[in-house]
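Source file: data.cif (mmCIF, C-alpha atoms)
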data_work
#
loop_
_atom_site.group_PDB
_atom_site.id
_atom_site.type_symbol
_atom_site.label_atom_id
_atom_site.label_comp_id
_atom_site.auth_asym_id
_atom_site.auth_seq_id
_atom_site.Cartn_x
_atom_site.Cartn_y
_atom_site.Cartn_z
ATOM 1 C CA MET A 1 0.000 0.000 0.000
ATOM 2 C CA GLN A 2 1.144 3.509 -0.816
ATOM 3 C CA TYR A 3 0.683 6.758 1.101
ATOM 4 C CA GLY A 4 0.599 10.229 -0.394
ATOM 5 C CA LYS A 5 2.931 13.027 0.692
ATOM 6 C CA THR A 6 4.761 12.224 3.928
ATOM 7 C CA VAL A 7 6.966 14.337 6.196
ATOM 8 C CA LEU A 8 9.004 13.691 9.339
ATOM 9 C CA GLY A 9 8.245 15.270 12.696
ATOM 10 C CA ARG A 10 9.177 15.015 16.368
ATOM 11 C CA PHE A 11 6.584 13.595 18.754
ATOM 12 C CA LEU A 12 5.777 15.836 21.721
ATOM 13 C CA SER A 13 2.671 14.511 23.497
ATOM 14 C CA ARG A 14 -0.640 12.695 23.077
ATOM 15 C CA PRO A 15 -3.427 14.234 25.170
ATOM 16 C CA ASN A 16 -5.966 11.596 24.079
ATOM 17 C CA ARG A 17 -6.329 8.583 21.783
ATOM 18 C CA PHE A 18 -7.142 10.611 18.694
ATOM 19 C CA ILE A 19 -4.654 13.473 18.497
ATOM 20 C CA ALA A 20 -0.995 14.210 19.132
ATOM 21 C CA TYR A 21 1.195 17.262 19.277
ATOM 22 C CA VAL A 22 4.129 17.042 16.881
ATOM 23 C CA GLU A 23 6.899 19.442 15.899
ATOM 24 C CA ILE A 24 7.583 19.937 12.187
ATOM 25 C CA ASP A 25 10.412 22.286 11.164
ATOM 26 C CA GLY A 26 10.288 24.019 14.529
ATOM 27 C CA ARG A 27 6.509 24.501 14.406
ATOM 28 C CA GLU A 28 4.127 22.709 16.803
ATOM 29 C CA ILE A 29 1.059 21.213 15.099
ATOM 30 C CA VAL A 30 -1.874 19.018 16.091
ATOM 31 C CA CYS A 31 -2.257 15.812 14.071
ATOM 32 C CA HIS A 32 -4.679 12.896 13.941
ATOM 33 C CA VAL A 33 -3.340 9.580 15.278
ATOM 34 C CA LYS A 34 -4.407 6.686 13.043
ATOM 35 C CA ASN A 35 -4.330 4.204 15.913
ATOM 36 C CA THR A 36 -6.513 4.378 19.028
ATOM 37 C CA GLY A 37 -4.397 1.788 20.877
ATOM 38 C CA ARG A 38 -2.074 2.673 23.725
ATOM 39 C CA CYS A 39 1.228 2.530 21.781
ATOM 40 C CA LYS A 40 2.991 3.853 24.886
ATOM 41 C CA GLU A 41 6.214 2.048 24.025
ATOM 42 C CA LEU A 42 6.247 3.799 20.620
ATOM 43 C CA LEU A 43 4.988 7.335 21.177
ATOM 44 C CA VAL A 44 7.612 8.617 23.564
ATOM 45 C CA PRO A 45 8.603 12.306 23.704
ATOM 46 C CA GLY A 46 11.276 13.095 21.142
ATOM 47 C CA ALA A 47 10.566 10.103 18.888
ATOM 48 C CA THR A 48 10.780 10.692 15.145
ATOM 49 C CA VAL A 49 7.355 10.156 13.572
ATOM 50 C CA VAL A 50 6.071 9.981 10.004
ATOM 51 C CA LEU A 51 3.063 12.096 9.046
ATOM 52 C CA GLU A 52 0.899 11.944 5.936
ATOM 53 C CA LYS A 53 -0.345 15.291 4.621
ATOM 54 C CA SER A 54 -4.080 15.331 3.963
ATOM 55 C CA ASP A 55 -5.341 16.674 0.641
ATOM 56 C CA ASN A 56 -8.640 17.726 2.257
ATOM 57 C CA PRO A 57 -8.481 21.468 3.069
ATOM 58 C CA ALA A 58 -11.649 21.231 5.201
ATOM 59 C CA ARG A 59 -10.093 18.887 7.771
ATOM 60 C CA LYS A 60 -9.448 20.146 11.288
ATOM 61 C CA THR A 61 -6.044 18.435 11.290
ATOM 62 C CA ALA A 62 -3.813 18.642 8.235
ATOM 63 C CA TYR A 63 -1.715 15.574 9.077
ATOM 64 C CA ASP A 64 -2.158 11.916 10.074
ATOM 65 C CA LEU A 65 0.474 10.207 12.230
ATOM 66 C CA ILE A 66 1.158 6.899 10.458
ATOM 67 C CA ALA A 67 4.536 5.584 11.635
ATOM 68 C CA VAL A 68 7.252 6.013 14.238
ATOM 69 C CA TYR A 69 10.939 5.213 14.569
ATOM 70 C CA LYS A 70 11.731 2.979 17.551
ATOM 71 C CA GLY A 71 15.464 3.455 17.555
ATOM 72 C CA GLU A 72 16.490 2.433 14.030
ATOM 73 C CA LYS A 73 13.351 0.333 13.441
ATOM 74 C CA LEU A 74 10.494 1.967 11.524
ATOM 75 C CA ILE A 75 7.085 0.785 12.743
ATOM 76 C CA ASN A 76 3.900 1.572 10.862
ATOM 77 C CA MET A 77 1.149 2.279 13.412
ATOM 78 C CA ASP A 78 -1.749 3.080 11.077
ATOM 79 C CA SER A 79 -4.526 0.735 12.217
ATOM 80 C CA MET A 80 -6.054 0.722 8.721
ATOM 81 C CA ALA A 81 -2.827 -0.296 6.986
ATOM 82 C CA PRO A 82 -2.825 -4.062 7.817
ATOM 83 C CA ASN A 83 -6.173 -4.676 6.111
ATOM 84 C CA LYS A 84 -5.247 -2.612 3.062
ATOM 85 C CA ALA A 85 -1.872 -4.317 2.706
ATOM 86 C CA PHE A 86 -3.359 -7.781 3.320
ATOM 87 C CA GLY A 87 -6.054 -7.238 0.682
ATOM 88 C CA GLU A 88 -3.405 -6.380 -1.922
ATOM 89 C CA TRP A 89 -1.285 -9.361 -0.888
ATOM 90 C CA ALA A 90 -4.212 -11.813 -0.865
ATOM 91 C CA GLU A 91 -5.038 -10.989 -4.472
ATOM 92 C CA ALA A 92 -1.484 -10.980 -5.847
ATOM 93 C CA SER A 93 0.688 -13.316 -3.761
ATOM 94 C CA GLY A 94 -0.629 -16.669 -4.985
ATOM 95 C CA PHE A 95 -1.179 -17.817 -1.390
ATOM 96 C CA PHE A 96 -4.892 -18.244 -2.132
ATOM 97 C CA GLY A 97 -4.455 -19.529 -5.683
ATOM 98 C CA ALA A 98 -4.193 -17.778 -9.025
ATOM 99 C CA HIS A 99 -7.472 -15.866 -9.110
ATOM 100 C CA PRO A 100 -9.080 -15.603 -5.665
ATOM 101 C CA THR A 101 -12.218 -13.586 -5.074
ATOM 102 C CA VAL A 102 -11.375 -11.363 -2.112
ATOM 103 C CA LYS A 103 -14.201 -9.513 -0.356
ATOM 104 C CA ALA A 104 -13.671 -7.189 2.597
ATOM 105 C CA GLU A 105 -15.808 -7.066 5.751
ATOM 106 C CA ARG A 106 -18.201 -9.987 5.606
ATOM 107 C CA THR A 107 -20.700 -10.744 8.375
ATOM 108 C CA TYR A 108 -20.853 -14.186 9.932
ATOM 109 C CA ALA A 109 -22.928 -15.011 13.034
ATOM 110 C CA ASP A 110 -22.437 -12.048 15.383
ATOM 111 C CA SER A 111 -19.096 -10.972 13.942
ATOM 112 C CA ARG A 112 -17.892 -9.056 10.924
ATOM 113 C CA PHE A 113 -14.702 -10.686 9.705
ATOM 114 C CA ASP A 114 -12.135 -8.665 7.788
ATOM 115 C CA PHE A 115 -12.201 -10.830 4.646
ATOM 116 C CA TYR A 116 -14.118 -13.590 2.894
ATOM 117 C CA ILE A 117 -12.157 -15.374 0.177
ATOM 118 C CA GLU A 118 -13.348 -17.862 -2.416
ATOM 119 C CA THR A 119 -10.735 -19.754 -4.386
ATOM 120 C CA GLU A 120 -10.703 -23.082 -6.223
ATOM 121 C CA GLY A 121 -13.765 -24.395 -4.427
ATOM 122 C CA ARG A 122 -12.638 -23.163 -1.012
ATOM 123 C CA LYS A 123 -14.575 -20.728 1.183
ATOM 124 C CA ILE A 124 -12.424 -18.936 3.749
ATOM 125 C CA PHE A 125 -13.068 -16.402 6.494
ATOM 126 C CA VAL A 126 -10.013 -14.359 7.442
ATOM 127 C CA GLU A 127 -9.428 -12.069 10.393
ATOM 128 C CA VAL A 128 -6.466 -9.665 10.239
ATOM 129 C CA LYS A 129 -4.779 -8.271 13.345
ATOM 130 C CA GLY A 130 -2.157 -5.539 13.063
ATOM 131 C CA VAL A 131 0.799 -5.932 15.425
ATOM 132 C CA THR A 132 2.884 -2.979 16.622
ATOM 133 C CA LEU A 133 4.088 -4.370 19.966
ATOM 134 C CA GLU A 134 7.626 -5.781 19.775
ATOM 135 C CA LYS A 135 10.336 -6.493 22.322
ATOM 136 C CA ASP A 136 13.723 -8.032 21.578
ATOM 137 C CA GLY A 137 12.455 -9.205 18.189
ATOM 138 C CA VAL A 138 9.368 -10.923 19.642
ATOM 139 C CA LEU A 139 5.980 -9.751 18.384
ATOM 140 C CA MET A 140 3.002 -9.778 20.730
ATOM 141 C CA PHE A 141 -0.730 -9.160 20.388
ATOM 142 C CA PRO A 142 -2.726 -7.488 21.836
ATOM 143 C CA ASP A 143 -1.170 -4.450 23.502
ATOM 144 C CA ALA A 144 -4.372 -3.958 25.529
ATOM 145 C CA PRO A 145 -7.212 -6.340 26.519
ATOM 146 C CA THR A 146 -9.614 -7.064 23.650
ATOM 147 C CA THR A 147 -12.865 -8.903 24.311
ATOM 148 C CA ARG A 148 -13.732 -8.362 20.634
ATOM 149 C CA GLY A 149 -10.567 -10.188 19.563
ATOM 150 C CA ALA A 150 -11.378 -13.237 21.695
ATOM 151 C CA LYS A 151 -14.928 -13.245 20.301
ATOM 152 C CA HIS A 152 -13.537 -13.287 16.756
ATOM 153 C CA MET A 153 -11.398 -16.333 17.571
ATOM 154 C CA ARG A 154 -14.397 -18.251 18.921
ATOM 155 C CA GLU A 155 -16.502 -17.404 15.880
ATOM 156 C CA LEU A 156 -13.736 -18.390 13.467
ATOM 157 C CA ALA A 157 -13.806 -21.787 15.191
ATOM 158 C CA GLN A 158 -17.592 -21.864 14.777
ATOM 159 C CA ALA A 159 -17.195 -21.165 11.057
ATOM 160 C CA MET A 160 -14.809 -24.134 10.851
ATOM 161 C CA ARG A 161 -17.436 -26.399 12.393
ATOM 162 C CA GLU A 162 -19.914 -25.259 9.743
ATOM 163 C CA GLY A 163 -17.676 -26.193 6.828
ATOM 164 C CA TYR A 164 -15.657 -23.036 6.126
ATOM 165 C CA GLU A 165 -11.925 -22.636 6.343
ATOM 166 C CA ALA A 166 -10.860 -20.035 8.891
ATOM 167 C CA MET A 167 -7.602 -18.140 9.278
ATOM 168 C CA VAL A 168 -6.170 -15.366 11.406
ATOM 169 C CA PHE A 169 -3.240 -13.336 10.097
ATOM 170 C CA PHE A 170 -1.152 -11.289 12.495
ATOM 171 C CA VAL A 171 0.378 -8.594 10.302
ATOM 172 C CA ALA A 172 3.612 -7.290 11.809
ATOM 173 C CA GLN A 173 3.793 -3.613 10.892
ATOM 174 C CA MET A 174 7.590 -3.747 10.835
ATOM 175 C CA GLU A 175 10.551 -5.762 9.558
ATOM 176 C CA ASP A 176 13.147 -8.089 11.098
ATOM 177 C CA CYS A 177 11.181 -9.923 13.780
ATOM 178 C CA LEU A 178 11.939 -13.359 15.202
ATOM 179 C CA HIS A 179 8.571 -14.880 16.076
ATOM 180 C CA PHE A 180 5.054 -14.178 17.350
ATOM 181 C CA LEU A 181 3.485 -14.915 20.735
ATOM 182 C CA PRO A 182 0.025 -14.056 22.082
ATOM 183 C CA ASN A 183 0.400 -11.457 24.823
ATOM 184 C CA GLU A 184 -0.582 -13.677 27.725
ATOM 185 C CA ASN A 185 0.492 -11.134 30.345
ATOM 186 C CA THR A 186 -1.827 -8.430 28.995
ATOM 187 C CA ASP A 187 -4.797 -10.535 27.838
ATOM 188 C CA PRO A 188 -4.834 -14.190 28.961
ATOM 189 C CA ALA A 189 -8.421 -14.576 27.708
ATOM 190 C CA PHE A 190 -7.394 -13.723 24.145
ATOM 191 C CA ALA A 191 -4.375 -16.039 24.343
ATOM 192 C CA LEU A 192 -6.628 -18.886 25.487
ATOM 193 C CA ALA A 193 -9.227 -18.179 22.768
ATOM 194 C CA LEU A 194 -6.482 -18.168 20.111
ATOM 195 C CA ARG A 195 -5.050 -21.487 21.300
ATOM 196 C CA GLU A 196 -8.488 -23.100 21.455
ATOM 197 C CA ALA A 197 -9.334 -21.853 17.952
ATOM 198 C CA ALA A 198 -6.073 -23.282 16.617
ATOM 199 C CA MET A 199 -6.812 -26.642 18.255
ATOM 200 C CA GLN A 200 -10.134 -26.687 16.376
ATOM 201 C CA GLY A 201 -8.449 -26.087 13.029
ATOM 202 C CA VAL A 202 -8.225 -22.314 12.650
ATOM 203 C CA GLN A 203 -4.988 -21.578 10.811
ATOM 204 C CA VAL A 204 -2.753 -18.995 12.498
ATOM 205 C CA TYR A 205 -0.122 -17.015 10.585
ATOM 206 C CA CYS A 206 2.161 -14.069 11.212
ATOM 207 C CA ILE A 207 3.744 -12.097 8.359
ATOM 208 C CA ASN A 208 6.436 -9.428 8.479
ATOM 209 C CA CYS A 209 6.005 -6.287 6.409
ATOM 210 C CA LYS A 210 8.424 -4.208 4.397
ATOM 211 C CA VAL A 211 7.935 -0.707 5.797
ATOM 212 C CA THR A 212 9.149 2.605 4.392
ATOM 213 C CA GLU A 213 8.077 6.127 5.237
ATOM 214 C CA ASP A 214 5.378 5.996 2.534
ATOM 215 C CA THR A 215 4.672 2.274 1.916
ATOM 216 C CA MET A 216 3.826 -0.961 3.701
ATOM 217 C CA THR A 217 3.716 -4.357 1.976
ATOM 218 C CA LEU A 218 3.437 -7.890 3.355
ATOM 219 C CA ASP A 219 6.758 -9.697 3.004
ATOM 220 C CA ARG A 220 7.431 -13.096 4.596
ATOM 221 C CA PRO A 221 5.959 -15.402 7.242
ATOM 222 C CA ILE A 222 7.600 -15.753 10.639
ATOM 223 C CA PRO A 223 7.102 -18.516 13.237
ATOM 224 C CA VAL A 224 4.020 -18.477 15.472
ATOM 225 C CA TYR A 225 4.256 -19.925 18.986
ATOM 226 C CA LEU A 226 0.964 -20.173 20.821
ATOM 227 C CA LYS A 227 2.616 -20.849 24.166
ATOM 228 C CA GLY A 228 5.706 -19.283 25.620
ATOM 229 C CA LYS A 229 7.020 -16.713 28.058
ATOM 230 C CA ASN A 230 6.510 -13.113 26.985
ATOM 231 C CA PRO A 231 9.709 -11.051 27.094
#

Would you kindly transcribe this structure into structure tokens?
Amino acid sequence: MQYGKTVLGRFLSRPNRFIAYVEIDGREIVCHVKNTGRCKELLVPGATVVLEKSDNPARKTAYDLIAVYKGEKLINMDSMAPNKAFGEWAEASGFFGAHPTVKAERTYADSRFDFYIETEGRKIFVEVKGVTLEKDGVLMFPDAPTTRGAKHMRELAQAMREGYEAMVFFVAQMEDCLHFLPNENTDPAFALALREAAMQGVQVYCINCKVTEDTMTLDRPIPVYLKGKNP
């Protein structure tokens, strides 16, 4: 996926989930944060952030905060980016066959899954989870408790029992990671729901992304461990 015009800034503060104060060329501006998660380990005062300039002159904020440098590592933190990048990858990668039909946001039972894919006689529900939490090369999800996430895992398992294939893709919004673990310390209920779904046949994947200041594309799979000690 490709962004429009991007610029670098220096993160100052985040008074609430939706906005941040950032310095650009010595000028303090208010920008929209495209991620309502905590991201406390990323948005630290002085961090270099990437902003996308809006082409809508009527907007209250002229910029969206889309990525941040964590040391030398660039992490995309746009919560909409994983689905966009996955949709492009699902159609072009060959993972789902030569000509899959990929449809976004399909309702099943009481959930709306991110994708429904038909390919070569297969019918697949897919849930995509963006991952921005990393420590010592280990990716973890979630970074805050998510009852909705656990519900999705249970309903993916239900779809399996009714004859569909079901998959969850953890999209790492960064490069150079070692493996993925559910964040048991933060949300043991989600970790349990993920393990139980996998035991019932839900396929669990994690894929690294190539990230630049104006692009994010799915790259390669990394190992998934459903049990293990969080760093």

Check your understanding: Just so the selection is clear, what residues does the PyMOL selection byres ((chain A and resi 64-76) around 6) cover here, as a list in words?
Key -> Cys31, His32, Val33, Thr48, Val49, Val50, Leu51, Glu52, Tyr63, Met77, Asp78, Gln173 and Met174 of chain A

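Shortest atom-to-atom contact with A:Leu139 among A:Ser111, A:Asn230, A:Thr61, A:Asn83: A:Asn230, counting all atoms listed in the file.
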
The centre and edge lengths of an axis-aligned box containing all atoms of stretch 118-126 of chain A present in the file, extended by 6 Å on each side, are to be given in Å to one decimal, as AutoDock Vina command-line options.
--center_x -12.3 --center_y -19.4 --center_z 0.6 --size_x 16.6 --size_y 22.0 --size_z 25.7

Quick one: which residues end up in the PyMOL selection byres ((chain A and resi 189) around 12) for this structure, as a list in words?
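Against this file, the PyMOL selection byres ((chain A and resi 189) around 12) returns the residues Phe141, Pro142, Ala144, Pro145, Thr146, Thr147, Arg148, Gly149, Ala150, Lys151, Met153, Arg154, Pro182, Asn183, Glu184, Asn185, Thr186, Asp187, Pro188, Phe190, Ala191, Leu192, Ala193, Leu194, Arg195 and Glu196 of chain A.
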
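Residue nearest A:Cys177 within the list A:Ala90, A:Gln203, A:Gly163, A:Val131: A:Val131 [criterion: smallest interatomic distance, only C-alpha atoms].
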
Selection in question (the file shown): the PyMOL selection byres ((chain A and resi 217) around 12). Which residues does it include, as a PyMOL selection string? chain A and resi 1-3+76+81-90+92-93+171-175+207-216+218-220

Rank nothing, just name the residue among A:Ala198, A:Asp143, A:Val126, A:Val204 nearest to A:Ala166, using only C-alpha atoms.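 Closest residue, counting only C-alpha atoms: A:Val126.
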
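Separating atom CA of A:Thr107 from atom CA of A:Tyr225 is a distance of 28.6 Å.
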